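Working notes for the structure below.
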Amino acid sequence: MSKEIELSEAATHKNNDIISDDLFRKFTIKQLVSSINSGKLCESDLFLNSSQRFNLLDFKYHSFKSTYSYEQATSVRRESYPSPKQYLRGIPFGIKDIFNTTVLPTSMGSPLWEGFMPGNNARCVESLLRLGGVPFGKTVTAEFAVHALNETLNPYNTAHTPGTSSSGSAVAVALGIVPFSIGTQTAASVIRPSSFCGVWGMKPSFGLIPRTGCLKTTDSLDTIGFFSFFGSDLRRILTSLRVKGPNYPYVYKSLDKRGAYPKKEEDHWRIGFLKTRFWDTADPEIKSVITDFINKISSLDSIEVKEIDDRLLHDIHKDHQTIYDKSLAYYFKEESKSHDKISPLMLKAIEVGEEISKDQFLQAISSQYELIESSSHFYANSDIIVTLSTTTTSPLRHELERPDPSLIWTFLGMPSINVPLNIHSNGLPMGMQLVSKKYDDYLLLQFIDSLLKKDILSNSSLLTKL
């Protein structure tokens, strides 16, 4: 029996009990769209599945701030695109609550902006609507997408953090409420929650997805990314969101002209294993699963693995913090006056930022541009870089998250993906990060596709029993 027939039978149960079939953790976006196009599923079936999963689980894990009714979601799409394309036909998706939306408020994780109605959809939301996607709701974010822990809980263990800024988007995917969701990363807010919650997460090259209609925190760092339950869906989601064509000359020259499959399948892959200075203090089990992965791919004739050094990276965390804090002090100066409605953590970051001089900020920006330029040469001999996603599994909610390499690739504008690898002996997920040079996003996806075909990586995320 084909998967599409199984889906049809699930969808036609008279009691509409699709919840037992858990569609979004069993079937890829491609399979679901195919089933809708062939008439074996209706768009409403998918939204119903999202609603049932939400009703079953979200009261406990709090991944969503607000949700659409089916009538609201379809009317939003119909008003903008009466005849949408079918690339994402009927696929529900989550929207981090820092993206503008017309029907639901955009509160940005802050009581100061509770109920704010911006009057438009963010451009990336429009892109998803145009391709047939159906918005399901706004996912919980940290206050102003910074660090303060929010109400979202880790589905593996509620005593542990799910990550901060984009945690609602990661948990919504892990629970199977939506097959994918959008988020942002200014430091590690896509890679870290996806690692802690056992899902696929991608931070594309800086500037590849437009930020119009999205909360701004740091001009040279803010990057839109996304979460997916299946690794094979990453390509479809990226293609749906990114800018295309000669009106975007850097992207057109560096990415479009190379095509969606830059390498031939039989081509040789050059893999750089980058431990970074965080390797020595990383959890032994995480290091072990990454080392096992390196040993496995090293045995393939088409893959050459070399360990590379991290001398380029030593000052990045310091420069990142300077840019970040100074930017927060600038963009949230007015909000900081409302001491009773802003977190101590955010106030502290703003206070630190106010003490950073203009010259210090400009020096950090200059260092960033220089390192971005240097990185393309420094990593020229590596198609793909393998490194840590996080140094530990998810810490307890009251514990600080330990530094990791993730913000390095944000700083350098390079695409990175969290790969959910395995479950730790403590019951929490472990991830690995794959990175490529700026605008090599499709090369990175092609490498993942090749490993999925060889069963070296598992296509699905790790949470399959809840």
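Starting from 1 in every chain, residues are counted up; chains themselves are A, B, ... following the order of the structure tokens, and ligands are numbered from 1 as listed.
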
Once DSSP has gone over the backbone, tell me which residues of range 96-285 of chain A are in helix (DSSP H, G or I), as a short mmCIF file (atom, residue, chain, number, x, y, z; two decimals) with C-alpha atoms, in the first residue's frame.
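In the end it all went to part35.cif:
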```cif
data_model
loop_
_atom_site.label_atom_id
_atom_site.label_comp_id
_atom_site.auth_asym_id
_atom_site.auth_seq_id
_atom_site.Cartn_x
_atom_site.Cartn_y
_atom_site.Cartn_z
CA PRO A 111 4.23 42.99 27.03
CA LEU A 112 5.15 46.41 25.66
CA TRP A 113 3.98 45.30 22.21
CA ARG A 123 7.83 39.46 2.98
CA CYS A 124 8.90 35.89 3.74
CA VAL A 125 5.37 35.12 4.98
CA GLU A 126 4.05 36.46 1.67
CA SER A 127 6.45 34.16 -0.17
CA LEU A 128 5.01 31.13 1.61
CA LEU A 129 1.42 32.23 0.95
CA ARG A 130 2.18 32.76 -2.74
CA GLU A 143 11.64 38.91 24.51
CA PHE A 144 12.64 40.89 21.40
CA ALA A 145 14.24 37.68 20.10
CA SER A 167 12.33 27.94 20.69
CA GLY A 168 8.60 28.06 19.92
CA SER A 169 9.28 27.40 16.25
CA ALA A 170 11.55 24.46 17.04
CA VAL A 171 9.15 22.86 19.52
CA ALA A 172 6.15 23.28 17.17
CA VAL A 173 8.02 21.18 14.59
CA ALA A 174 9.29 18.63 17.11
CA ILE A 191 20.91 26.02 15.48
CA ARG A 192 20.69 25.88 19.27
CA PRO A 193 16.92 25.26 19.62
CA SER A 194 17.02 22.71 16.81
CA SER A 195 19.89 20.91 18.55
CA PHE A 196 18.16 21.01 21.94
CA CYS A 197 14.82 19.87 20.48
CA GLY A 231 16.00 16.83 6.27
CA SER A 232 14.79 16.24 2.71
CA ASP A 233 12.33 19.16 3.09
CA LEU A 234 15.04 21.76 3.74
CA ARG A 235 15.64 22.37 0.03
CA ARG A 236 11.95 23.00 -0.69
CA ILE A 237 11.62 25.41 2.23
CA LEU A 238 14.76 27.38 1.31
CA THR A 239 13.68 27.63 -2.32
CA SER A 240 10.28 28.91 -1.18
CA LEU A 241 11.72 31.66 1.02
CA PRO A 249 22.98 40.50 -8.19
CA TYR A 250 25.08 38.96 -5.40
CA VAL A 251 22.71 36.02 -4.98
CA TYR A 252 22.22 35.69 -8.73
CA LYS A 253 25.93 35.63 -9.46
CA SER A 254 26.98 33.46 -6.52
CA ASP A 256 21.50 31.14 -9.09
CA LYS A 257 23.99 30.75 -11.93
CA ARG A 258 25.46 27.67 -10.28
CA PRO A 284 31.91 13.33 25.58
CA GLU A 285 28.83 11.64 24.11
#
```

Would you pick out the contacts of range 389-392 of chain A at 6 Å or less, using only C-alpha atoms, so that residues sharing its chain but fewer than 5 positions from it are not included, and give the list as JSON, numbers by chain? {"A": [282, 283, 404, 431, 432, 433]}

Residues as selected, N, CA and C atoms, written as a PDB file, in the first residue's frame, can you do that?
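And here's again.pdb as it stands now:
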```pdb
ATOM      1  N   ALA A 282      33.370  20.072  25.381  1.00  0.00           N
ATOM      2  CA  ALA A 282      32.083  19.546  24.937  1.00  0.00           C
ATOM      3  C   ALA A 282      31.787  18.211  25.613  1.00  0.00           C
ATOM      4  N   ASP A 283      30.506  17.886  25.694  1.00  0.00           N
ATOM      5  CA  ASP A 283      30.057  16.630  26.280  1.00  0.00           C
ATOM      6  C   ASP A 283      30.680  15.440  25.531  1.00  0.00           C
ATOM      7  N   ASP A 404      29.028  28.047  22.353  1.00  0.00           N
ATOM      8  CA  ASP A 404      29.239  27.025  21.326  1.00  0.00           C
ATOM      9  C   ASP A 404      29.660  27.721  20.031  1.00  0.00           C
ATOM     10  N   GLY A 431      22.948  17.085  18.518  1.00  0.00           N
ATOM     11  CA  GLY A 431      23.021  17.535  17.138  1.00  0.00           C
ATOM     12  C   GLY A 431      24.445  17.750  16.675  1.00  0.00           C
ATOM     13  N   MET A 432      24.596  17.872  15.370  1.00  0.00           N
ATOM     14  CA  MET A 432      25.871  18.164  14.720  1.00  0.00           C
ATOM     15  C   MET A 432      25.610  19.273  13.711  1.00  0.00           C
ATOM     16  N   GLN A 433      26.584  20.136  13.515  1.00  0.00           N
ATOM     17  CA  GLN A 433      26.416  21.264  12.594  1.00  0.00           C
ATOM     18  C   GLN A 433      27.242  21.052  11.330  1.00  0.00           C
TER      19      GLN A 433
END
```

Residues within 12 Å of Ser382 in chain A, please, as a PyMOL selection string. Count only C-alpha atoms; anything in the same chain fewer than 2 positions from it doesn't count. chain A and resi 268-274+303-309+375-380+384-386+434-437+440+443-444

Min atom-atom distance to Leu88 in chain A from the set A:Phe361, A:Phe180, A:Tyr68, A:Phe59, counting only C-alpha atoms, belongs to A:Phe180

Need to verify the contact set: Ser166 in chain A, 6 Å, only C-alpha atoms, exclusion of same-chain residues closer than 6 positions in sequence. Can you return it as a PyMOL selection string? chain A and resi 141+183+189

I'd like the neighbourhood of Glu79 in chain A as a short mmCIF file (atom, residue, chain, number, x, y, z; two decimals) with N, CA and C atoms, in the first residue's frame, where a residue qualifies if any of its atoms comes within 12 Å (using only C-alpha atoms), though same-chain residues fewer than 2 positions away should be ignored.
```cif
data_model
loop_
_atom_site.label_atom_id
_atom_site.label_comp_id
_atom_site.auth_asym_id
_atom_site.auth_seq_id
_atom_site.Cartn_x
_atom_site.Cartn_y
_atom_site.Cartn_z
N GLU A 71 -10.54 29.35 8.53
CA GLU A 71 -11.13 30.40 7.70
C GLU A 71 -10.21 31.62 7.62
N GLN A 72 -9.62 32.01 8.76
CA GLN A 72 -8.69 33.14 8.74
C GLN A 72 -7.46 32.83 7.89
N ALA A 73 -6.90 31.64 8.07
CA ALA A 73 -5.67 31.28 7.37
C ALA A 73 -5.87 31.24 5.86
N THR A 74 -6.97 30.66 5.42
CA THR A 74 -7.20 30.56 3.98
C THR A 74 -7.62 31.90 3.38
N SER A 75 -8.31 32.72 4.16
CA SER A 75 -8.71 34.04 3.64
C SER A 75 -7.50 34.95 3.48
N VAL A 76 -6.53 34.84 4.40
CA VAL A 76 -5.30 35.62 4.29
C VAL A 76 -4.58 35.29 2.99
N ARG A 77 -4.50 34.01 2.69
CA ARG A 77 -3.84 33.60 1.45
C ARG A 77 -4.66 34.01 0.23
N TYR A 81 -3.37 36.00 -2.84
CA TYR A 81 -3.08 35.10 -3.96
C TYR A 81 -4.29 34.21 -4.22
N PRO A 82 -5.26 34.69 -5.00
CA PRO A 82 -6.46 33.90 -5.27
C PRO A 82 -6.16 32.55 -5.92
N SER A 83 -5.09 32.50 -6.72
CA SER A 83 -4.68 31.24 -7.36
C SER A 83 -3.21 30.97 -7.04
N PRO A 84 -2.92 30.54 -5.81
CA PRO A 84 -1.52 30.34 -5.41
C PRO A 84 -0.86 29.20 -6.16
N THR A 102 -0.98 40.06 9.17
CA THR A 102 -2.13 40.96 9.07
C THR A 102 -3.24 40.60 10.05
N VAL A 103 -3.47 39.33 10.31
CA VAL A 103 -4.60 38.90 11.12
C VAL A 103 -4.23 38.78 12.59
N ASN A 121 1.92 41.65 6.10
CA ASN A 121 2.66 40.41 6.30
C ASN A 121 4.12 40.64 5.97
N GLU A 126 4.69 36.32 2.98
CA GLU A 126 4.05 36.46 1.67
C GLU A 126 4.58 35.41 0.68
N LEU A 129 2.82 32.17 1.38
CA LEU A 129 1.42 32.23 0.95
C LEU A 129 1.32 32.10 -0.57
N ARG A 130 2.21 32.78 -1.27
CA ARG A 130 2.18 32.76 -2.74
C ARG A 130 2.36 31.35 -3.29
#
```

Nearest to Leu221 in chain A, chosen from A:Ser394, A:Ala159, A:Ile408, A:Ser336, with only C-alpha atoms counted in the distances: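 Answer, going by the shortest atom-to-atom distance: A:Ile408.
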
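Interatomic distance, CA of Met414 in chain A against CA of Tyr439 in chain A: 7.3 Å.
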
Residue list (strand (DSSP E or B), DSSP) for range 35-169 of chain A, as a PyMOL selection string: chain A and resi 64-67+92-96+99+134-139+160

With C-alpha atoms kept, could you save the residues just selected as a PDB file, in the first residue's frame?
```pdb
ATOM      1  CA  PHE A  64       2.398  28.902  20.016  1.00  0.00           C
ATOM      2  CA  LYS A  65       1.529  32.424  21.084  1.00  0.00           C
ATOM      3  CA  SER A  66      -1.627  32.555  18.928  1.00  0.00           C
ATOM      4  CA  THR A  67      -3.247  30.553  16.136  1.00  0.00           C
ATOM      5  CA  PRO A  92       0.605  24.585   7.489  1.00  0.00           C
ATOM      6  CA  PHE A  93       3.562  26.517   8.873  1.00  0.00           C
ATOM      7  CA  GLY A  94       4.529  28.341  12.059  1.00  0.00           C
ATOM      8  CA  ILE A  95       5.677  31.973  12.183  1.00  0.00           C
ATOM      9  CA  LYS A  96       7.982  33.272  14.908  1.00  0.00           C
ATOM     10  CA  PHE A  99       7.315  38.588  11.811  1.00  0.00           C
ATOM     11  CA  VAL A 134      -1.240  27.985   5.026  1.00  0.00           C
ATOM     12  CA  PRO A 135      -0.230  29.894   8.193  1.00  0.00           C
ATOM     13  CA  PHE A 136      -1.171  28.030  11.364  1.00  0.00           C
ATOM     14  CA  GLY A 137      -0.012  30.449  14.043  1.00  0.00           C
ATOM     15  CA  LYS A 138       2.608  32.661  15.671  1.00  0.00           C
ATOM     16  CA  THR A 139       5.216  30.761  17.662  1.00  0.00           C
ATOM     17  CA  HIS A 160      15.310  21.619  30.463  1.00  0.00           C
TER      18      HIS A 160
END
```

Hey, which of A:Asp383, A:Asp97, A:Asp340, A:Asp359 ends up closest to Leu215 in chain A? Count only C-alpha atoms.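 For Leu215 in chain A, the nearest of the candidates is A:Asp97.
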
What does the distance between CA of Leu396 in chain A and CA of Gly163 in chain A come to in Å, to one decimal place?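 So the two atoms, CA of Leu396 in chain A and CA of Gly163 in chain A, lie 10.4 Å apart.
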
Which distance in Å separates CA of Lys326 in chain A and CA of Ala349 in chain A, to one decimal? 8.4 Å

Contacts of Val190 in chain A at 8 Å or less, counting only C-alpha atoms, minus same-chain residues fewer than 6 places along, as a ChimeraX atom specification? /A:166,170,183-184,201-203,225-227
